[in-house]
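Q: Encoded as structure tokens, here's the structure I'll be asking about.
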Amino acid sequence: MPSAAYTLVHLTNGAYAVQSLAYGEKMHPGLGPAVEAETLHVGQLQIRARLAQHCGEFVVWDVGLGAAANAIAVLRATRELPNPVRLLSFDDTAAPLAFARQHADQLGYFHGYESHVEMLLRQRRTSFFDHGHSVDWEFHVGDFPALLSHARAKAAGILLPPPHAILFDAFSPRKNPAMWTLPLFANLFQLLDPQRPCNLTTYSRSTMLRVTLLLAGFFVGRGVATGLKEETTVAANAFELVEAPLDGNWLERARRSSSAEPLRDAVYRQAPLSSATWEQLQAHPQFRRS
Ligand SMILES: C[S@@+](CC[C@H](N)C(=O)[O-])C[C@H]1O[C@@H](n2cnc3c(N)ncnc32)[C@H](O)[C@@H]1O
């Protein structure tokens, strides 16, 4: 996608954000890139605390690299900690990053990382020392759902190191349904290492997304409010990493919702739970714990 497909928008709090004209959506529309990346992703993933207690390389998947606000927030938050960080960013285009780099002064969050971003844009990979630790940052350019299918099938030699944390930041299910299907999240869950606790954050709080994550195998909880969203979502393969798990009351509301059934393919639609999905939800370990 050419950089003419992006524009800068001035948010009411004074921050600038990148808007995709093709999708008609802003990246970080609520609080702006730096604050939203920190509140929604870095803080809720407890990256600092987890990294401080961690031995060895900490692997982060940044799904939807876009203008790199989330990726840079991870790097900035972890720079004083000694452990090596391996950051895998995914996007099907480098254009929003190239656009954002050209507008780094207004966006404000690139400071200190400009040369690394340029290297990432040129070579799709950069390794460097950032204060106390080493960083290995790679950019996988391509369709994320297809990449996960290939990685699961181990086709084309794709081997992705399983993550400790995932920042999931695609455009909305309505505009970008391919990034919110049950097959995608099922593949994602299957690529996790069951011995490696991993959490995931995303801005959506929709019942449909939460049911999708549960059916894929995740434990799922409520996340904090950010800007335009009164709630977000946190998921994990380890129950202890979900601070506010969805409970039986949520399950009952999901049962009555007119939009709860996961997308099975890349076509947006709304539908209530099928009886098969309702049975699967009731059997989920999250709702059988007490
Ligand atoms: C909301 S933006 C991400 C913003 C970004 N996380 C940031 O911090 O600036 C969503 C991103 O998902 C990417 N995307 C959409 N569909 C995709 C696909 N099928 N595969 C990979 N990336 C995709 C878009 O190109 C876009 O950059």
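Within each chain, counting starts at residue 1; across the structure tokens, chains are named A, B, ... in the order shown, with ligands numbered 1 upward in that order.
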Can you pull out the residues contacting Leu191 in chain A? Cut-off 8 Å, using only C-alpha atoms, and skip same-chain residues under 6 positions away; I want them as a PyMOL selection string.
A: chain A and resi 151-152+162
Q: Could you please take those selected residues and save N, CA and C atoms as a PDB file, in the first residue's frame?
A:
```
ATOM      1  N   ALA A 151       3.005 -21.780   9.439  1.00  0.00           N
ATOM      2  CA  ALA A 151       3.860 -22.104  10.596  1.00  0.00           C
ATOM      3  C   ALA A 151       3.336 -23.336  11.309  1.00  0.00           C
ATOM      4  N   ARG A 152       2.002 -23.442  11.394  1.00  0.00           N
ATOM      5  CA  ARG A 152       1.422 -24.634  12.056  1.00  0.00           C
ATOM      6  C   ARG A 152       1.687 -25.891  11.260  1.00  0.00           C
ATOM      7  N   PRO A 162       7.933 -19.399  20.047  1.00  0.00           N
ATOM      8  CA  PRO A 162       6.679 -19.110  20.756  1.00  0.00           C
ATOM      9  C   PRO A 162       6.826 -17.907  21.683  1.00  0.00           C
TER      10      PRO A 162
END
```
Q: Using only C-alpha atoms and all ligand atoms, find each residue with an atom at most 8 Å away from ligand 1 and format the answer as a PyMOL selection string.
A: chain A and resi 18+20+25-28+33+37+62-72+90-97+141-146+167-172+176+178-179
Q: Can you tell me which residues surround Ile166 in chain A at a distance of at most 9 Å, considering only C-alpha atoms, apart from same-chain residues fewer than 2 positions away, and format the answer as an MDAnalysis selection string?
A: chainID A and resid 41 45 59:63 163:164 168 198:202
Q: Enter the distance from CA of Ala77 in chain A to CA of Asp136 in chain A, in Å, rounded to one decimal.
A: 15.3 Å
Q: Of the candidates A:Val85, A:Val224, A:Ala4, A:Ala156, which one gets nearest to Phe128 in chain A if we count only C-alpha atoms?
A: A:Val85
Q: Can you tell me how far CA of Ala244 in chain A sits from CA of Leu75 in chain A, in Å to one decimal?
A: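 That distance, rounded to one decimal, is 26.3 Å.
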Q: As a PyMOL selection string, please: all residues of range 49-234 of chain A that backbone DSSP puts in strand (DSSP E or B).
A: chain A and resi 58-63+85-91+125-130+133-141+165-168+181+199-202+219-223+226+229+232-234
Q: Would you kindly return, as a list in words, each protein, DNA or RNA residue with an atom no farther than 9 Å from any atom of range 114-118 of chain A, considering only C-alpha atoms and excluding same-chain residues fewer than 3 positions away?
A: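 With the cut-off at 9 Å, the set is Ala68, Leu97, Ala98, Arg101, Ala104, Phe110, His111, Leu121, Arg122, Gln123, Arg125, Thr126, Ser127, Phe128 and Trp137 of chain A.
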Q: Which residues, written as a list in words, have at least one atom at most 10 Å from Arg264 in chain A, with only C-alpha atoms counted and residues fewer than 6 positions away on the same chain left out?
A: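 The contact residues come out as Pro177, Ala178, Trp180, Thr181, Leu182, Pro183, Leu184 and Thr212 of chain A.
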Q: Include N, CA and C atoms and write out the residues we just selected as an mmCIF file, in the first residue's frame.
A:
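part27.cif written:
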```
data_model
loop_
_atom_site.group_PDB
_atom_site.id
_atom_site.type_symbol
_atom_site.label_atom_id
_atom_site.label_comp_id
_atom_site.auth_asym_id
_atom_site.auth_seq_id
_atom_site.Cartn_x
_atom_site.Cartn_y
_atom_site.Cartn_z
ATOM 1 N N PRO A 177 -12.036 -8.458 8.765
ATOM 2 C CA PRO A 177 -12.490 -9.713 9.385
ATOM 3 C C PRO A 177 -11.465 -10.842 9.331
ATOM 4 N N ALA A 178 -10.592 -10.843 8.315
ATOM 5 C CA ALA A 178 -9.610 -11.938 8.186
ATOM 6 C C ALA A 178 -8.709 -12.048 9.413
ATOM 7 N N TRP A 180 -9.667 -11.703 12.525
ATOM 8 C CA TRP A 180 -10.419 -11.972 13.765
ATOM 9 C C TRP A 180 -11.165 -13.300 13.716
ATOM 10 N N THR A 181 -10.720 -14.228 12.899
ATOM 11 C CA THR A 181 -11.474 -15.485 12.764
ATOM 12 C C THR A 181 -11.037 -16.514 13.807
ATOM 13 N N LEU A 182 -11.927 -17.470 14.033
ATOM 14 C CA LEU A 182 -11.576 -18.574 14.943
ATOM 15 C C LEU A 182 -10.386 -19.383 14.415
ATOM 16 N N PRO A 183 -10.319 -19.712 13.119
ATOM 17 C CA PRO A 183 -9.131 -20.440 12.653
ATOM 18 C C PRO A 183 -7.828 -19.694 12.955
ATOM 19 N N LEU A 184 -7.833 -18.351 12.824
ATOM 20 C CA LEU A 184 -6.602 -17.599 13.130
ATOM 21 C C LEU A 184 -6.218 -17.768 14.599
ATOM 22 N N THR A 212 -14.482 -16.171 20.643
ATOM 23 C CA THR A 212 -13.475 -16.709 19.717
ATOM 24 C C THR A 212 -12.210 -17.110 20.481
#
```
Q: Please identify all polymer residues within 10 Å of range 277-284 of chain A, counting only C-alpha atoms, omitting same-chain residues fewer than 3 positions from it, and present them as an mmCIF file with N, CA and C atoms, in the first residue's frame.
A:
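The result, written out as result-v1.cif:
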```cif
data_model
loop_
_atom_site.group_PDB
_atom_site.id
_atom_site.type_symbol
_atom_site.label_atom_id
_atom_site.label_comp_id
_atom_site.auth_asym_id
_atom_site.auth_seq_id
_atom_site.Cartn_x
_atom_site.Cartn_y
_atom_site.Cartn_z
ATOM 1 N N VAL A 211 -15.604 -14.843 22.787
ATOM 2 C CA VAL A 211 -15.992 -16.238 22.543
ATOM 3 C C VAL A 211 -14.943 -16.899 21.639
ATOM 4 N N THR A 212 -14.482 -16.171 20.643
ATOM 5 C CA THR A 212 -13.475 -16.709 19.717
ATOM 6 C C THR A 212 -12.210 -17.110 20.481
ATOM 7 N N LEU A 214 -11.916 -17.828 23.663
ATOM 8 C CA LEU A 214 -12.209 -18.977 24.546
ATOM 9 C C LEU A 214 -12.219 -20.276 23.751
ATOM 10 N N LEU A 215 -12.882 -20.249 22.600
ATOM 11 C CA LEU A 215 -12.947 -21.479 21.788
ATOM 12 C C LEU A 215 -11.574 -21.876 21.260
ATOM 13 N N GLY A 217 -8.944 -21.696 22.924
ATOM 14 C CA GLY A 217 -8.220 -22.337 24.020
ATOM 15 C C GLY A 217 -7.727 -21.388 25.101
ATOM 16 N N PHE A 218 -7.839 -20.083 24.874
ATOM 17 C CA PHE A 218 -7.336 -19.097 25.842
ATOM 18 C C PHE A 218 -8.266 -18.994 27.061
ATOM 19 N N PHE A 219 -7.681 -18.573 28.198
ATOM 20 C CA PHE A 219 -8.457 -18.001 29.293
ATOM 21 C C PHE A 219 -8.643 -16.526 28.944
ATOM 22 N N GLY A 248 -19.436 -16.475 35.159
ATOM 23 C CA GLY A 248 -20.710 -17.062 34.747
ATOM 24 C C GLY A 248 -21.720 -16.003 34.311
ATOM 25 N N LEU A 251 -21.013 -15.232 30.838
ATOM 26 C CA LEU A 251 -21.425 -16.365 29.991
ATOM 27 C C LEU A 251 -22.928 -16.287 29.695
ATOM 28 N N ALA A 254 -23.531 -13.625 27.212
ATOM 29 C CA ALA A 254 -23.100 -14.074 25.875
ATOM 30 C C ALA A 254 -24.191 -14.941 25.253
ATOM 31 N N ARG A 255 -24.839 -15.743 26.090
ATOM 32 C CA ARG A 255 -25.883 -16.643 25.580
ATOM 33 C C ARG A 255 -27.041 -15.854 24.963
ATOM 34 N N ALA A 260 -22.408 -13.080 18.957
ATOM 35 C CA ALA A 260 -21.463 -13.808 19.812
ATOM 36 C C ALA A 260 -20.771 -14.957 19.093
ATOM 37 N N GLU A 261 -21.349 -15.414 18.018
ATOM 38 C CA GLU A 261 -20.788 -16.583 17.326
ATOM 39 C C GLU A 261 -19.515 -16.175 16.566
ATOM 40 N N PRO A 262 -18.395 -16.903 16.783
ATOM 41 C CA PRO A 262 -17.141 -16.537 16.103
ATOM 42 C C PRO A 262 -17.260 -16.544 14.582
ATOM 43 N N PRO A 272 -26.055 -14.947 16.828
ATOM 44 C CA PRO A 272 -26.033 -15.440 18.208
ATOM 45 C C PRO A 272 -25.266 -16.757 18.280
ATOM 46 N N LEU A 273 -24.980 -17.202 19.504
ATOM 47 C CA LEU A 273 -24.236 -18.461 19.684
ATOM 48 C C LEU A 273 -24.997 -19.634 19.086
ATOM 49 N N SER A 274 -24.292 -20.517 18.427
ATOM 50 C CA SER A 274 -24.907 -21.772 17.981
ATOM 51 C C SER A 274 -24.967 -22.695 19.200
ATOM 52 N N PHE A 287 -14.741 -21.796 33.158
ATOM 53 C CA PHE A 287 -16.053 -21.734 33.817
ATOM 54 C C PHE A 287 -16.316 -22.979 34.660
ATOM 55 N N ARG A 288 -15.321 -23.821 34.777
ATOM 56 C CA ARG A 288 -15.502 -25.052 35.571
ATOM 57 C C ARG A 288 -14.538 -25.071 36.743
ATOM 58 N N ARG A 289 -14.032 -23.899 37.095
ATOM 59 C CA ARG A 289 -12.993 -23.849 38.128
ATOM 60 C C ARG A 289 -13.541 -23.804 39.538
#
```
Q: If DSSP is run on the backbone, what residues of range 30-256 of chain A are helix (DSSP H, G or I)? A reply as a PyMOL selection string would be ideal.
A: chain A and resi 33-43+47-52+69-78+95-102+104-107+114-123+144-153+155-157+177-180+182-190+207-216+239-241+248-256
Q: For C-alpha atoms, I'd like the residues from the last selection saved as an mmCIF file, in the first residue's frame.
A:
```cif
data_model
loop_
_atom_site.group_PDB
_atom_site.id
_atom_site.type_symbol
_atom_site.label_atom_id
_atom_site.label_comp_id
_atom_site.auth_asym_id
_atom_site.auth_seq_id
_atom_site.Cartn_x
_atom_site.Cartn_y
_atom_site.Cartn_z
ATOM 1 C CA PRO A 33 -0.079 6.145 19.983
ATOM 2 C CA ALA A 34 2.331 6.400 22.913
ATOM 3 C CA VAL A 35 -0.201 6.510 25.775
ATOM 4 C CA GLU A 36 -2.507 3.895 24.303
ATOM 5 C CA ALA A 37 0.363 1.483 23.569
ATOM 6 C CA GLU A 38 1.484 1.787 27.187
ATOM 7 C CA THR A 39 -1.984 1.562 28.812
ATOM 8 C CA LEU A 40 -3.586 -1.063 26.640
ATOM 9 C CA HIS A 41 -0.629 -3.302 25.852
ATOM 10 C CA VAL A 42 2.602 -2.831 27.820
ATOM 11 C CA GLY A 43 0.941 -2.204 31.180
ATOM 12 C CA ILE A 47 5.888 -6.813 30.557
ATOM 13 C CA ARG A 48 8.207 -4.990 32.960
ATOM 14 C CA ALA A 49 7.354 -7.212 35.932
ATOM 15 C CA ARG A 50 7.420 -10.410 33.900
ATOM 16 C CA LEU A 51 10.721 -9.530 32.274
ATOM 17 C CA ALA A 52 12.269 -8.595 35.624
ATOM 18 C CA ALA A 69 3.869 2.654 18.372
ATOM 19 C CA ASN A 70 3.249 -0.605 20.229
ATOM 20 C CA ALA A 71 6.616 -2.099 19.283
ATOM 21 C CA ILE A 72 8.520 0.981 20.406
ATOM 22 C CA ALA A 73 6.529 1.148 23.648
ATOM 23 C CA VAL A 74 7.726 -2.403 24.410
ATOM 24 C CA LEU A 75 11.338 -1.455 23.672
ATOM 25 C CA ARG A 76 11.159 1.714 25.763
ATOM 26 C CA ALA A 77 9.532 -0.079 28.702
ATOM 27 C CA THR A 78 12.136 -2.828 28.838
ATOM 28 C CA ALA A 95 3.906 1.391 4.225
ATOM 29 C CA PRO A 96 2.422 2.667 7.525
ATOM 30 C CA LEU A 97 5.815 2.362 9.209
ATOM 31 C CA ALA A 98 7.546 4.221 6.357
ATOM 32 C CA PHE A 99 4.843 6.908 6.551
ATOM 33 C CA ALA A 100 5.116 7.204 10.334
ATOM 34 C CA ARG A 101 8.921 7.419 10.158
ATOM 35 C CA GLN A 102 8.562 10.390 7.799
ATOM 36 C CA ALA A 104 8.329 11.057 13.435
ATOM 37 C CA ASP A 105 8.500 14.618 14.793
ATOM 38 C CA GLN A 106 4.732 15.000 15.047
ATOM 39 C CA LEU A 107 4.135 11.452 16.250
ATOM 40 C CA GLU A 114 14.991 6.122 14.401
ATOM 41 C CA SER A 115 18.054 4.270 13.087
ATOM 42 C CA HIS A 116 16.702 0.897 14.216
ATOM 43 C CA VAL A 117 13.395 1.559 12.456
ATOM 44 C CA GLU A 118 15.270 2.517 9.294
ATOM 45 C CA MET A 119 17.260 -0.719 9.458
ATOM 46 C CA LEU A 120 14.030 -2.666 10.005
ATOM 47 C CA LEU A 121 12.487 -1.007 6.960
ATOM 48 C CA ARG A 122 15.570 -1.746 4.821
ATOM 49 C CA GLN A 123 16.500 -5.229 5.993
ATOM 50 C CA PHE A 144 -0.653 -12.968 9.153
ATOM 51 C CA PRO A 145 -3.430 -15.601 8.948
ATOM 52 C CA ALA A 146 -1.579 -17.352 6.091
ATOM 53 C CA LEU A 147 1.728 -17.139 7.950
ATOM 54 C CA LEU A 148 0.193 -18.839 11.003
ATOM 55 C CA SER A 149 -1.320 -21.606 8.871
ATOM 56 C CA HIS A 150 2.067 -22.206 7.259
ATOM 57 C CA ALA A 151 3.860 -22.104 10.596
ATOM 58 C CA ARG A 152 1.422 -24.634 12.056
ATOM 59 C CA ALA A 153 1.907 -26.893 9.094
ATOM 60 C CA ALA A 155 5.402 -25.362 5.583
ATOM 61 C CA ALA A 156 8.095 -23.351 3.791
ATOM 62 C CA GLY A 157 10.373 -23.883 6.801
ATOM 63 C CA PRO A 177 -12.490 -9.713 9.385
ATOM 64 C CA ALA A 178 -9.610 -11.938 8.186
ATOM 65 C CA MET A 179 -7.665 -10.944 11.321
ATOM 66 C CA TRP A 180 -10.419 -11.972 13.765
ATOM 67 C CA LEU A 182 -11.576 -18.574 14.943
ATOM 68 C CA PRO A 183 -9.131 -20.440 12.653
ATOM 69 C CA LEU A 184 -6.602 -17.599 13.130
ATOM 70 C CA PHE A 185 -6.831 -17.623 16.938
ATOM 71 C CA ALA A 186 -6.889 -21.428 17.049
ATOM 72 C CA ASN A 187 -3.658 -21.491 15.023
ATOM 73 C CA LEU A 188 -2.179 -18.801 17.261
ATOM 74 C CA PHE A 189 -3.011 -20.765 20.403
ATOM 75 C CA GLN A 190 -1.576 -23.966 18.929
ATOM 76 C CA THR A 207 -18.550 -10.768 22.917
ATOM 77 C CA MET A 208 -17.755 -12.308 19.548
ATOM 78 C CA LEU A 209 -14.014 -11.797 20.020
ATOM 79 C CA ARG A 210 -14.086 -13.104 23.582
ATOM 80 C CA VAL A 211 -15.992 -16.238 22.543
ATOM 81 C CA THR A 212 -13.475 -16.709 19.717
ATOM 82 C CA LEU A 213 -10.532 -16.539 22.131
ATOM 83 C CA LEU A 214 -12.209 -18.977 24.546
ATOM 84 C CA LEU A 215 -12.947 -21.479 21.788
ATOM 85 C CA ALA A 216 -9.363 -21.188 20.547
ATOM 86 C CA PHE A 239 -5.119 -18.639 34.148
ATOM 87 C CA GLU A 240 -2.866 -16.727 36.613
ATOM 88 C CA LEU A 241 -2.058 -14.165 33.900
ATOM 89 C CA GLY A 248 -20.710 -17.062 34.747
ATOM 90 C CA ASN A 249 -22.615 -13.761 34.505
ATOM 91 C CA TRP A 250 -20.678 -12.890 31.361
ATOM 92 C CA LEU A 251 -21.425 -16.365 29.991
ATOM 93 C CA GLU A 252 -25.163 -15.844 30.519
ATOM 94 C CA ARG A 253 -25.013 -12.475 28.759
ATOM 95 C CA ALA A 254 -23.100 -14.074 25.875
ATOM 96 C CA ARG A 255 -25.883 -16.643 25.580
ATOM 97 C CA ARG A 256 -28.435 -13.850 25.050
#
```
Q: Mind giving me the straight-line distance from CA of Arg269 in chain A to CA of Arg174 in chain A in Å, one decimal?
A: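 Between CA of Arg269 in chain A and CA of Arg174 in chain A the gap works out to 8.0 Å.
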Q: I'd like to know which of A:Gly221, A:Gln53, A:Pro173, A:Glu243 is closest to Ala266 in chain A, using only C-alpha atoms.
A: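 Looking at the shortest contact to Ala266 in chain A, the residue is A:Pro173.
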